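The structure file entry_29.txt is reproduced below (compact mmCIF, C-alpha atoms and all ligand atoms).
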```
# COMPACT_ATOMS: atom_id res chain seq x y z
CA MET A 1 28.97 -7.59 -5.28
CA THR A 2 29.31 -4.17 -3.72
CA LYS A 3 32.02 -2.70 -1.61
CA HIS A 4 30.37 -4.44 1.35
CA GLY A 5 30.15 -7.75 -0.47
CA ALA A 6 26.36 -7.47 -0.55
CA VAL A 7 24.34 -8.96 -3.38
CA VAL A 8 22.88 -6.13 -5.40
CA VAL A 9 22.96 -5.65 -9.14
CA PRO A 10 25.64 -3.02 -9.70
CA GLU A 11 24.61 -1.56 -13.07
CA ASP A 12 21.53 0.12 -11.58
CA ALA A 13 23.46 1.73 -8.76
CA ALA A 14 22.66 5.11 -10.34
CA VAL A 15 19.64 5.11 -8.06
CA GLY A 16 22.16 6.44 -5.57
CA ARG A 17 22.01 6.83 -1.87
CA HIS A 18 18.36 7.15 -0.90
CA PHE A 19 18.86 9.39 2.10
CA SER A 20 20.92 9.36 5.21
CA PHE A 21 18.96 8.37 8.21
CA PRO A 22 19.32 9.95 11.65
CA PRO A 23 20.35 7.89 14.67
CA PRO A 24 17.81 5.40 16.00
CA ARG A 25 14.79 6.88 17.72
CA THR A 26 12.06 4.94 19.37
CA GLY A 27 9.42 7.55 20.21
CA GLY A 28 6.37 8.38 18.10
CA ASP A 29 7.06 12.14 18.21
CA SER A 30 10.59 11.81 16.83
CA CYS A 31 9.14 9.76 13.99
CA LYS A 32 6.80 12.59 13.05
CA LYS A 33 9.70 15.02 12.84
CA LEU A 34 11.47 12.70 10.40
CA ALA A 35 8.52 12.50 8.05
CA GLY A 36 8.44 15.44 5.64
CA GLN A 37 5.83 16.07 2.99
CA VAL A 38 5.95 14.26 -0.33
CA ASP A 39 5.99 15.99 -3.68
CA LEU A 40 2.52 15.50 -5.11
CA GLY A 41 3.56 16.27 -8.66
CA ALA A 42 4.96 12.89 -9.61
CA ALA A 43 2.16 10.97 -7.95
CA MET A 44 -0.60 12.75 -9.85
CA MET A 45 0.82 12.30 -13.33
CA GLY A 46 -0.58 9.96 -15.97
CA SER A 47 -3.90 8.24 -16.37
CA TRP A 48 -5.25 6.49 -13.31
CA LEU A 49 -6.96 3.84 -15.36
CA ASP A 50 -3.79 2.99 -17.30
CA SER A 51 -1.89 2.91 -14.07
CA MET A 52 -4.45 0.62 -12.41
CA LYS A 53 -4.25 -1.78 -15.33
CA ALA A 54 -0.45 -1.78 -15.30
CA SER A 55 -0.36 -2.48 -11.55
CA SER A 56 -3.04 -5.13 -11.68
CA PRO A 57 -2.67 -7.37 -14.74
CA ARG A 58 -5.70 -9.64 -15.14
CA HIS A 59 -4.30 -11.32 -18.21
CA ARG A 60 -0.92 -12.80 -18.84
CA LEU A 61 1.02 -9.99 -20.45
CA VAL A 62 4.16 -12.02 -20.99
CA ALA A 63 5.15 -15.63 -20.57
CA PRO A 64 5.51 -16.94 -17.02
CA ARG A 65 9.11 -16.95 -15.91
CA VAL A 66 9.55 -20.65 -16.37
CA ALA A 67 8.55 -21.02 -20.00
CA ALA A 68 5.14 -22.62 -20.38
CA THR A 69 4.24 -25.01 -23.17
CA GLY A 70 3.36 -23.07 -26.28
CA SER A 71 4.94 -19.79 -25.25
CA SER A 72 6.73 -17.96 -28.02
CA ASP A 73 10.48 -17.65 -28.51
CA ALA A 74 10.19 -13.89 -28.05
CA ASP A 75 8.54 -14.38 -24.66
CA GLU A 76 11.16 -16.89 -23.62
CA THR A 77 13.89 -14.46 -24.56
CA GLU A 78 12.29 -11.69 -22.53
CA ASP A 79 11.91 -14.14 -19.69
CA ASP A 80 15.55 -15.22 -19.89
CA VAL A 81 16.79 -11.63 -19.93
CA TRP A 82 14.68 -10.77 -16.88
CA MET A 83 15.84 -13.89 -15.00
CA GLU A 84 19.45 -13.02 -15.73
CA LYS A 85 18.92 -9.65 -14.09
CA HIS A 86 16.78 -10.98 -11.23
CA PRO A 87 17.84 -14.60 -10.65
CA SER A 88 15.88 -16.92 -8.39
CA ALA A 89 16.84 -16.42 -4.75
CA LEU A 90 16.44 -20.18 -4.34
CA GLY A 91 18.54 -21.08 -7.37
CA SER A 92 21.17 -18.53 -6.28
CA PHE A 93 20.93 -19.39 -2.61
CA GLY A 94 24.64 -20.17 -2.37
CA ALA A 95 25.52 -16.66 -3.59
CA VAL A 96 23.09 -15.05 -1.13
CA ALA A 97 24.45 -17.12 1.76
CA ALA A 98 28.05 -16.33 0.80
CA ALA A 99 27.31 -12.59 0.68
CA ALA A 100 25.54 -12.77 4.05
CA SER A 101 28.31 -14.83 5.64
CA GLY A 102 29.76 -13.14 8.73
CA LYS A 103 27.08 -10.44 8.64
CA GLN A 104 23.99 -9.86 10.74
CA VAL A 105 20.96 -10.86 8.68
CA VAL A 106 17.79 -8.85 9.33
CA MET A 107 14.67 -10.19 7.63
CA PHE A 108 11.86 -7.99 6.29
CA LEU A 109 8.75 -9.65 4.91
CA ASP A 110 5.74 -8.18 3.15
CA TYR A 111 2.52 -10.08 3.91
CA ASP A 112 -0.05 -10.21 1.08
CA GLY A 113 1.27 -12.04 -1.97
CA THR A 114 4.50 -12.84 -0.10
CA LEU A 115 3.53 -14.92 2.94
CA SER A 116 -0.08 -15.47 1.86
CA PRO A 117 -1.54 -15.94 -1.61
CA ILE A 118 -3.52 -13.05 -3.11
CA VAL A 119 -7.18 -14.02 -2.70
CA GLU A 120 -10.49 -12.52 -3.81
CA ASP A 121 -11.52 -11.49 -0.30
CA PRO A 122 -8.68 -9.62 1.46
CA ASP A 123 -10.11 -10.64 4.85
CA ARG A 124 -9.37 -14.27 3.98
CA ALA A 125 -5.70 -13.85 3.09
CA VAL A 126 -4.57 -16.32 5.74
CA MET A 127 -1.10 -17.84 5.87
CA THR A 128 -0.58 -21.56 6.21
CA GLU A 129 0.69 -23.17 9.39
CA GLU A 130 3.75 -24.32 7.41
CA MET A 131 4.52 -20.73 6.43
CA ARG A 132 4.07 -19.63 10.05
CA ASP A 133 6.59 -22.30 11.09
CA ALA A 134 9.04 -21.10 8.45
CA VAL A 135 8.75 -17.47 9.64
CA ARG A 136 9.04 -18.58 13.27
CA GLY A 137 12.22 -20.47 12.37
CA VAL A 138 13.74 -17.40 10.72
CA ALA A 139 12.83 -15.21 13.72
CA GLU A 140 14.68 -17.63 16.02
CA HIS A 141 17.89 -16.75 14.17
CA PHE A 142 17.45 -13.16 12.96
CA PRO A 143 15.50 -10.04 13.85
CA THR A 144 12.40 -10.34 11.65
CA ALA A 145 9.81 -7.74 10.68
CA ILE A 146 6.53 -7.89 8.80
CA VAL A 147 6.08 -4.77 6.62
CA SER A 148 2.57 -4.46 5.22
CA GLY A 149 0.04 -2.00 3.85
CA ARG A 150 -2.51 -3.52 6.21
CA GLY A 151 -3.31 -2.15 9.62
CA ARG A 152 -0.82 -3.45 12.17
CA ASP A 153 -3.46 -5.22 14.27
CA LYS A 154 -4.92 -6.91 11.22
CA VAL A 155 -1.62 -8.20 9.91
CA PHE A 156 -0.69 -9.37 13.42
CA ASN A 157 -3.95 -11.32 13.56
CA PHE A 158 -2.95 -13.08 10.35
CA VAL A 159 0.64 -13.84 11.38
CA ARG A 160 0.17 -14.32 15.16
CA LEU A 161 3.87 -14.41 16.06
CA GLU A 162 4.64 -12.17 19.04
CA GLU A 163 8.40 -12.30 18.57
CA LEU A 164 8.32 -10.26 15.34
CA TYR A 165 8.49 -6.53 14.62
CA TYR A 166 5.40 -5.27 12.80
CA ALA A 167 5.23 -2.28 10.47
CA GLY A 168 1.60 -1.80 9.42
CA SER A 169 -0.02 0.93 7.29
CA HIS A 170 2.90 0.88 4.80
CA GLY A 171 5.37 1.36 7.63
CA MET A 172 3.48 4.22 9.31
CA ASP A 173 2.70 2.10 12.38
CA ILE A 174 5.75 0.27 13.72
CA LYS A 175 5.92 -1.69 16.93
CA GLY A 176 8.51 -3.97 18.47
CA PRO A 177 7.93 -7.58 19.55
CA THR A 178 5.68 -8.32 22.49
CA ALA A 179 7.58 -11.53 23.23
CA ASP A 180 11.31 -12.09 23.43
CA SER A 181 12.78 -13.81 20.41
CA ASN A 182 16.47 -13.87 19.67
CA HIS A 183 17.92 -11.40 22.16
CA HIS A 184 19.10 -8.81 19.63
CA LEU A 185 17.64 -6.19 21.92
CA THR A 186 16.77 -6.58 25.55
CA PRO A 187 13.07 -7.46 25.86
CA SER A 188 12.19 -4.07 27.37
CA LYS A 189 14.07 -2.18 24.65
CA ALA A 190 12.48 -4.23 21.88
CA LYS A 191 9.04 -3.64 23.33
CA SER A 192 9.62 0.13 23.42
CA VAL A 193 10.23 0.36 19.66
CA LEU A 194 7.39 2.49 18.37
CA CYS A 195 6.96 4.77 15.38
CA GLN A 196 3.72 6.42 14.28
CA PRO A 197 4.67 9.42 12.11
CA ALA A 198 1.11 10.01 10.85
CA SER A 199 -0.92 9.94 14.06
CA GLU A 200 -2.33 13.45 13.49
CA PHE A 201 -4.07 12.11 10.38
CA LEU A 202 -6.21 9.57 12.24
CA PRO A 203 -9.44 11.67 12.42
CA MET A 204 -9.14 12.62 8.73
CA ILE A 205 -8.57 8.99 7.70
CA GLY A 206 -11.71 7.98 9.63
CA GLU A 207 -13.80 10.62 7.84
CA VAL A 208 -12.55 9.62 4.41
CA HIS A 209 -13.14 5.96 5.21
CA ASP A 210 -16.81 6.66 5.90
CA ALA A 211 -17.16 8.78 2.74
CA LEU A 212 -15.55 6.07 0.60
CA VAL A 213 -17.73 3.31 2.06
CA ALA A 214 -20.79 5.37 1.07
CA LYS A 215 -19.50 6.01 -2.47
CA MET A 216 -18.37 2.43 -3.08
CA ALA A 217 -21.79 1.05 -2.14
CA SER A 218 -22.80 1.72 -5.76
CA ILE A 219 -19.87 -0.22 -7.25
CA PRO A 220 -20.39 -4.00 -7.08
CA GLY A 221 -17.34 -5.83 -5.72
CA ALA A 222 -15.52 -2.74 -4.40
CA LYS A 223 -14.26 -3.06 -0.85
CA VAL A 224 -12.91 -0.33 1.42
CA GLU A 225 -10.45 -1.41 4.09
CA ASN A 226 -9.43 0.78 7.03
CA ASN A 227 -5.72 0.24 7.67
CA LYS A 228 -5.65 2.81 10.47
CA PHE A 229 -3.11 5.28 9.01
CA CYS A 230 -4.12 4.61 5.41
CA LEU A 231 -7.06 3.23 3.46
CA SER A 232 -7.35 0.63 0.71
CA VAL A 233 -10.02 0.42 -1.96
CA HIS A 234 -9.81 -3.11 -3.34
CA PHE A 235 -11.05 -3.62 -6.89
CA ARG A 236 -10.07 -7.25 -7.40
CA CYS A 237 -13.76 -8.22 -7.57
CA VAL A 238 -14.86 -5.21 -9.65
CA GLU A 239 -15.49 -5.65 -13.40
CA GLU A 240 -12.66 -4.06 -15.36
CA LYS A 241 -15.08 -1.82 -17.31
CA THR A 242 -16.01 -0.15 -13.99
CA TRP A 243 -12.44 0.56 -12.86
CA GLY A 244 -12.45 4.06 -14.39
CA ALA A 245 -15.68 5.01 -12.59
CA LEU A 246 -14.31 3.64 -9.34
CA ALA A 247 -11.13 5.70 -9.63
CA GLU A 248 -13.18 8.82 -10.41
CA GLN A 249 -15.38 8.31 -7.34
CA VAL A 250 -12.33 7.88 -5.11
CA ARG A 251 -10.70 10.99 -6.56
CA ALA A 252 -13.93 12.95 -6.03
CA VAL A 253 -13.85 12.13 -2.31
CA LEU A 254 -10.18 13.09 -2.06
CA ARG A 255 -10.68 16.52 -3.67
CA ASP A 256 -11.70 17.79 -0.24
CA TYR A 257 -8.59 16.30 1.37
CA PRO A 258 -5.44 17.73 -0.19
CA ARG A 259 -3.30 16.30 2.62
CA LEU A 260 -4.11 12.77 1.51
CA LEU A 261 -2.43 11.07 -1.42
CA LEU A 262 -3.83 8.46 -3.80
CA THR A 263 -1.54 5.70 -5.11
CA GLN A 264 -2.05 2.30 -6.73
CA GLY A 265 -0.97 -1.17 -5.77
CA ARG A 266 -1.86 -4.62 -6.99
CA MET A 267 -5.67 -4.58 -7.47
CA VAL A 268 -5.95 -1.83 -4.91
CA LEU A 269 -6.03 1.96 -4.64
CA GLU A 270 -4.31 3.28 -1.54
CA ILE A 271 -5.06 6.52 0.28
CA ARG A 272 -2.38 7.72 2.63
CA PRO A 273 -1.17 10.88 4.38
CA VAL A 274 1.03 13.24 2.38
CA ILE A 275 4.16 12.53 4.38
CA LYS A 276 7.51 11.19 3.27
CA TRP A 277 7.19 7.81 4.85
CA ASP A 278 7.03 4.44 3.14
CA LYS A 279 8.21 0.86 3.49
CA GLY A 280 11.77 1.97 2.72
CA ARG A 281 11.74 4.44 5.59
CA ALA A 282 10.25 1.76 7.83
CA LEU A 283 13.18 -0.51 6.91
CA GLU A 284 15.66 2.24 7.75
CA PHE A 285 13.88 3.04 11.01
CA LEU A 286 13.97 -0.59 12.11
CA LEU A 287 17.64 -1.03 11.21
CA GLY A 288 18.31 2.08 13.32
CA ALA A 289 16.18 0.86 16.22
CA LEU A 290 18.11 -2.42 16.17
CA GLY A 291 21.39 -0.51 16.31
CA PHE A 292 22.46 -1.37 12.75
CA ALA A 293 22.02 2.05 11.08
CA ASP A 294 25.67 2.68 10.27
CA ARG A 295 27.05 -0.82 10.37
CA ASP A 296 28.73 -2.36 7.34
CA ASP A 297 28.28 -5.89 8.64
CA VAL A 298 24.49 -6.00 8.42
CA PHE A 299 22.66 -7.90 5.67
CA PRO A 300 19.00 -6.88 5.35
CA ILE A 301 16.85 -9.17 3.22
CA TYR A 302 13.53 -7.71 2.03
CA ILE A 303 10.95 -9.92 0.30
CA GLY A 304 7.84 -8.39 -1.27
CA ASP A 305 5.58 -8.48 -4.32
CA ASP A 306 4.08 -5.00 -4.63
CA ARG A 307 4.95 -1.60 -6.04
CA THR A 308 5.08 -0.26 -2.48
CA ASP A 309 7.90 -2.73 -1.75
CA GLU A 310 10.04 -0.99 -4.37
CA ASP A 311 10.72 1.78 -1.83
CA ALA A 312 12.44 -0.80 0.36
CA PHE A 313 14.36 -2.32 -2.57
CA LYS A 314 15.53 1.20 -3.41
CA VAL A 315 16.84 1.72 0.12
CA LEU A 316 18.83 -1.53 -0.06
CA ARG A 317 20.40 -0.44 -3.33
CA GLY A 318 21.17 2.96 -1.89
CA ARG A 319 22.83 1.38 1.14
CA GLY A 320 24.70 -1.12 -1.04
CA GLN A 321 23.66 -3.79 1.41
CA GLY A 322 21.64 -6.95 1.57
CA ALA A 323 19.25 -8.44 -0.96
CA GLY A 324 15.88 -7.29 -2.30
CA ILE A 325 13.72 -10.16 -3.52
CA LEU A 326 10.63 -9.60 -5.70
CA VAL A 327 7.86 -12.20 -5.55
CA SER A 328 6.43 -12.44 -9.06
CA LYS A 329 5.49 -14.98 -11.70
CA PHE A 330 6.02 -12.36 -14.39
CA PRO A 331 8.86 -10.13 -15.47
CA LYS A 332 8.28 -6.69 -13.93
CA ASP A 333 10.25 -3.48 -13.60
CA THR A 334 11.86 -3.75 -10.19
CA LEU A 335 14.78 -2.58 -8.10
CA ALA A 336 14.97 -6.01 -6.45
CA SER A 337 18.09 -8.05 -7.13
CA PHE A 338 16.49 -11.49 -6.93
CA SER A 339 13.12 -13.09 -7.52
CA LEU A 340 10.88 -15.83 -6.19
CA ARG A 341 7.77 -17.02 -8.02
CA ASP A 342 5.19 -17.26 -5.24
CA PRO A 343 4.67 -17.70 -1.48
CA ASP A 344 5.60 -21.39 -1.76
CA GLU A 345 9.05 -20.41 -3.01
CA VAL A 346 9.26 -17.78 -0.27
CA LYS A 347 8.66 -20.57 2.24
CA GLY A 348 11.37 -22.66 0.58
CA PHE A 349 13.82 -19.77 0.77
CA LEU A 350 13.06 -19.12 4.46
CA ARG A 351 13.52 -22.79 5.30
CA GLN A 352 16.80 -22.93 3.43
CA LEU A 353 18.00 -19.85 5.30
CA VAL A 354 17.22 -21.56 8.61
CA ARG A 355 18.92 -24.79 7.50
CA SER A 356 22.06 -22.91 6.45
CA SER A 357 22.10 -21.06 9.78
CA ASN A 358 21.90 -24.33 11.70
CA SER A 359 24.69 -26.00 9.76
MG MG B 401 2.22 -7.63 -1.00
```
Please go through the file and, once you have read it, give me the structure as structure tokens.
Ligand SMILES: [Mg+2]
Amino acid sequence: MTKHGAVVVPEDAAVGRHFSFPPPRTGGDSCKKLAGQVDLGAAMMGSWLDSMKASSPRHRLVAPRVAATGSSDADETEDDVWMEKHPSALGSFGAVAAAASGKQVVMFLDYDGTLSPIVEDPDRAVMTEEMRDAVRGVAEHFPTAIVSGRGRDKVFNFVRLEELYYAGSHGMDIKGPTADSNHHLTPSKAKSVLCQPASEFLPMIGEVHDALVAKMASIPGAKVENNKFCLSVHFRCVEEKTWGALAEQVRAVLRDYPRLLLTQGRMVLEIRPVIKWDKGRALEFLLGALGFADRDDVFPIYIGDDRTDEDAFKVLRGRGQGAGILVSKFPKDTLASFSLRDPDEVKGFLRQLVRSSNS
């Protein structure tokens, strides 16, 4: 517990306060002013291939979190230690609910791997009708946002719930609900929430998209996705022996674009503008837009499965508020406080949250 009674693991609090966020703004221009330039040094260190493999395990590196038949004692021990640090958000639901009691819950949900399973073809990462119902139920009680690396329009087309906030392009494209949901903001105020800190990069992103599509034509299985303010090169369907060549081709294109940054996610390389904006900043922006920036009685819950979600977990730790929940079947380095195994468990958690709010 923290000074606010929020559920975060205290021993890692050395992460410290992430940054203090200015008062809520809702205009695109003010967003741009908030987004500085990132330090390229840290991002360019290390081997890309090693990093791609670490982000995208194809083989079981350690035992699944619930010990499988035949797994070794050493694996089980590692598993147990990890689960002690990052207990199941379902198994610990009572503790989460107690910490959130009397506070305003705000729900943040990643999409791929959180609400939908990771699939071979990213265009087919649909969510089930049951999951949609669960998210709809949560949004009836709490302000709810989808925070995704996908383009905002694309992720909206998957989720299709107009009462949600959407932060696409890793939070670089934020828009309020188009339908009234739970009256946290007046409908007109909610609809005016807008943040696009990287709009000046649009022409450059388009150019790089075309160049990458041309380069990737020679790599079987590679797929370039235009997420509007950022690009994804998916290598889920690329043979592992070709990953190094793929990374080199992508880097070759980016040599002419020093204002774009290359990062890795789960089975994906991401190209994004060199600005200090990420899912954590999107979370802070949305809390501000909702009027909760400086409130102690807010309880943000962020659920995600990717390295890019760590920026949001870090913000929660820095604020000493709420609960970060990592979706993973495997022990992973994370700043999240809790874990869930897969989208099915995410659905279970959302349903339980709704049930506890109704009781
Ligand atoms: Mg994800």
Go through chain A residue by residue and, counting only C-alpha atoms and all ligand atoms, keep those with an atom at most 6 Å from ligand MG 401 (chain B); for each kept residue give the shortest atom pair and its distance in Å to one decimal, ordered by chain and increasing number, as JSON lines.
```
{"residue": "A:Asp110", "atom": "CA", "partner": "B:MG401", "partner_atom": "MG", "distance": 5.5}
{"residue": "A:Tyr111", "atom": "CA", "partner": "B:MG401", "partner_atom": "MG", "distance": 5.5}
{"residue": "A:Asp112", "atom": "CA", "partner": "B:MG401", "partner_atom": "MG", "distance": 4.0}
{"residue": "A:Gly113", "atom": "CA", "partner": "B:MG401", "partner_atom": "MG", "distance": 4.6}
{"residue": "A:Thr114", "atom": "CA", "partner": "B:MG401", "partner_atom": "MG", "distance": 5.8}
{"residue": "A:Gly304", "atom": "CA", "partner": "B:MG401", "partner_atom": "MG", "distance": 5.7}
{"residue": "A:Asp305", "atom": "CA", "partner": "B:MG401", "partner_atom": "MG", "distance": 4.8}
{"residue": "A:Asp306", "atom": "CA", "partner": "B:MG401", "partner_atom": "MG", "distance": 4.9}
```
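For the residues A:Asp133, A:Arg319, A:Lys241, A:Leu287, ranking by smallest atom-to-atom distance to A:Val193 using only C-alpha atoms places A:Leu287 first.
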### Message
I need the residue nearest A:Asp153 from this list: A:Ile174, A:Met52, A:Ala139, A:Ile275. Use all atoms listed in the file for the distance.
### Response
A:Ile174
Residues at most 10 Å from A:Met83, counting all atoms listed in the file, excluding those fewer than 2 positions away in the same chain, as a short mmCIF file (atom, residue, chain, number, x, y, z; two decimals) with C-alpha atoms, in the frame of the given file?
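result_35.cif written:
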```cif
data_model
loop_
_atom_site.label_atom_id
_atom_site.label_comp_id
_atom_site.auth_asym_id
_atom_site.auth_seq_id
_atom_site.Cartn_x
_atom_site.Cartn_y
_atom_site.Cartn_z
CA ARG A 65 9.11 -16.95 -15.91
CA VAL A 66 9.55 -20.65 -16.37
CA THR A 77 13.89 -14.46 -24.56
CA GLU A 78 12.29 -11.69 -22.53
CA ASP A 79 11.91 -14.14 -19.69
CA ASP A 80 15.55 -15.22 -19.89
CA VAL A 81 16.79 -11.63 -19.93
CA LYS A 85 18.92 -9.65 -14.09
CA HIS A 86 16.78 -10.98 -11.23
CA PRO A 87 17.84 -14.60 -10.65
CA SER A 88 15.88 -16.92 -8.39
CA PHE A 330 6.02 -12.36 -14.39
CA PRO A 331 8.86 -10.13 -15.47
CA PHE A 338 16.49 -11.49 -6.93
CA SER A 339 13.12 -13.09 -7.52
#
```
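Coordinates place atom CA of A:Pro220 at a distance of 10.8 Å from atom CA of A:Arg236.
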### Query
What lies within 8 Å of A:Val213 using all atoms listed in the file, ignoring chain neighbours under 4 positions off, as number ranges by chain?
A: 209, 217, 223-224
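In terms of minimum interatomic distance to A:His141, A:Leu164 ranks closest within A:Leu164, A:Arg259, A:Gln196, A:Ala282, counting only C-alpha atoms.
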### Query
For A:Ser116, which residue among A:Ala211, A:Ala312, A:Ala247, A:Val159 is the nearest when counting all atoms listed in the file?
A:Val159
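If you measure from each of A:Asp50, A:Ala97, A:Gly291, A:Leu212 to A:Arg355 using only C-alpha atoms, the closest one turns out to be A:Ala97.
Taking atom CA of A:Leu261 and atom CA of A:Ser192 as the two end points, the separation is 29.7 Å.
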#### Entry: Distance query A:Leu335 at most 8 Å, all atoms listed in the file, self and fewer than 4 positions along chain excluded, as a list of chain:residue names
A:Glu310, A:Phe313, A:Lys314, A:Arg317, A:Gly324
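Coordinates place atom CA of A:Val238 at a distance of 13.6 Å from atom CA of A:Val119.
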Quick one: everything within 10 Å of A:Ser232, counting only C-alpha atoms, minus sequence neighbours fewer than 6 positions away in the same chain. Send it as a PDB file with C-alpha atoms, in the frame of the given file.
```pdb
ATOM      1  CA  GLY A 149       0.040  -2.000   3.850  1.00  0.00           C
ATOM      2  CA  ARG A 150      -2.510  -3.520   6.210  1.00  0.00           C
ATOM      3  CA  SER A 169      -0.020   0.930   7.290  1.00  0.00           C
ATOM      4  CA  HIS A 209     -13.140   5.960   5.210  1.00  0.00           C
ATOM      5  CA  LEU A 212     -15.550   6.070   0.600  1.00  0.00           C
ATOM      6  CA  LYS A 223     -14.260  -3.060  -0.850  1.00  0.00           C
ATOM      7  CA  VAL A 224     -12.910  -0.330   1.420  1.00  0.00           C
ATOM      8  CA  GLU A 225     -10.450  -1.410   4.090  1.00  0.00           C
ATOM      9  CA  ASN A 226      -9.430   0.780   7.030  1.00  0.00           C
ATOM     10  CA  LEU A 262      -3.830   8.460  -3.800  1.00  0.00           C
ATOM     11  CA  THR A 263      -1.540   5.700  -5.110  1.00  0.00           C
ATOM     12  CA  GLN A 264      -2.050   2.300  -6.730  1.00  0.00           C
ATOM     13  CA  GLY A 265      -0.970  -1.170  -5.770  1.00  0.00           C
ATOM     14  CA  MET A 267      -5.670  -4.580  -7.470  1.00  0.00           C
ATOM     15  CA  VAL A 268      -5.950  -1.830  -4.910  1.00  0.00           C
ATOM     16  CA  LEU A 269      -6.030   1.960  -4.640  1.00  0.00           C
ATOM     17  CA  GLU A 270      -4.310   3.280  -1.540  1.00  0.00           C
ATOM     18  CA  ILE A 271      -5.060   6.520   0.280  1.00  0.00           C
ATOM     19  CA  ARG A 272      -2.380   7.720   2.630  1.00  0.00           C
TER      20      ARG A 272
END
```
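Using all atoms listed in the file for every distance, the candidate list A:Gln321, A:Ser92, A:Ser199, A:Ser356 yields A:Gln321 as the residue closest to A:Asp296.
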### Task
May I have the residues within 12 Å of A:Glu140 as a list of chain:residue names, using all atoms listed in the file and disregarding those fewer than 6 positions away in the same chain?
A:Val105, A:Val106, A:Met107, A:Asp133, A:Ala134, A:Leu161, A:Glu162, A:Glu163, A:Leu164, A:Ala179, A:Asp180, A:Ser181, A:Asn182, A:His183, A:His184, A:Leu350, A:Arg351, A:Leu353, A:Val354, A:Arg355, A:Ser357, A:Asn358
Writer output for current selection, C-alpha atoms, as an mmCIF file, in the frame of the given file:
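Writing the result to out_37.cif gives the following:
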```cif
data_model
loop_
_atom_site.group_PDB
_atom_site.id
_atom_site.type_symbol
_atom_site.label_atom_id
_atom_site.label_comp_id
_atom_site.auth_asym_id
_atom_site.auth_seq_id
_atom_site.Cartn_x
_atom_site.Cartn_y
_atom_site.Cartn_z
ATOM 1 C CA VAL A 105 20.960 -10.860 8.680
ATOM 2 C CA VAL A 106 17.790 -8.850 9.330
ATOM 3 C CA MET A 107 14.670 -10.190 7.630
ATOM 4 C CA ASP A 133 6.590 -22.300 11.090
ATOM 5 C CA ALA A 134 9.040 -21.100 8.450
ATOM 6 C CA LEU A 161 3.870 -14.410 16.060
ATOM 7 C CA GLU A 162 4.640 -12.170 19.040
ATOM 8 C CA GLU A 163 8.400 -12.300 18.570
ATOM 9 C CA LEU A 164 8.320 -10.260 15.340
ATOM 10 C CA ALA A 179 7.580 -11.530 23.230
ATOM 11 C CA ASP A 180 11.310 -12.090 23.430
ATOM 12 C CA SER A 181 12.780 -13.810 20.410
ATOM 13 C CA ASN A 182 16.470 -13.870 19.670
ATOM 14 C CA HIS A 183 17.920 -11.400 22.160
ATOM 15 C CA HIS A 184 19.100 -8.810 19.630
ATOM 16 C CA LEU A 350 13.060 -19.120 4.460
ATOM 17 C CA ARG A 351 13.520 -22.790 5.300
ATOM 18 C CA LEU A 353 18.000 -19.850 5.300
ATOM 19 C CA VAL A 354 17.220 -21.560 8.610
ATOM 20 C CA ARG A 355 18.920 -24.790 7.500
ATOM 21 C CA SER A 357 22.100 -21.060 9.780
ATOM 22 C CA ASN A 358 21.900 -24.330 11.700
#
```
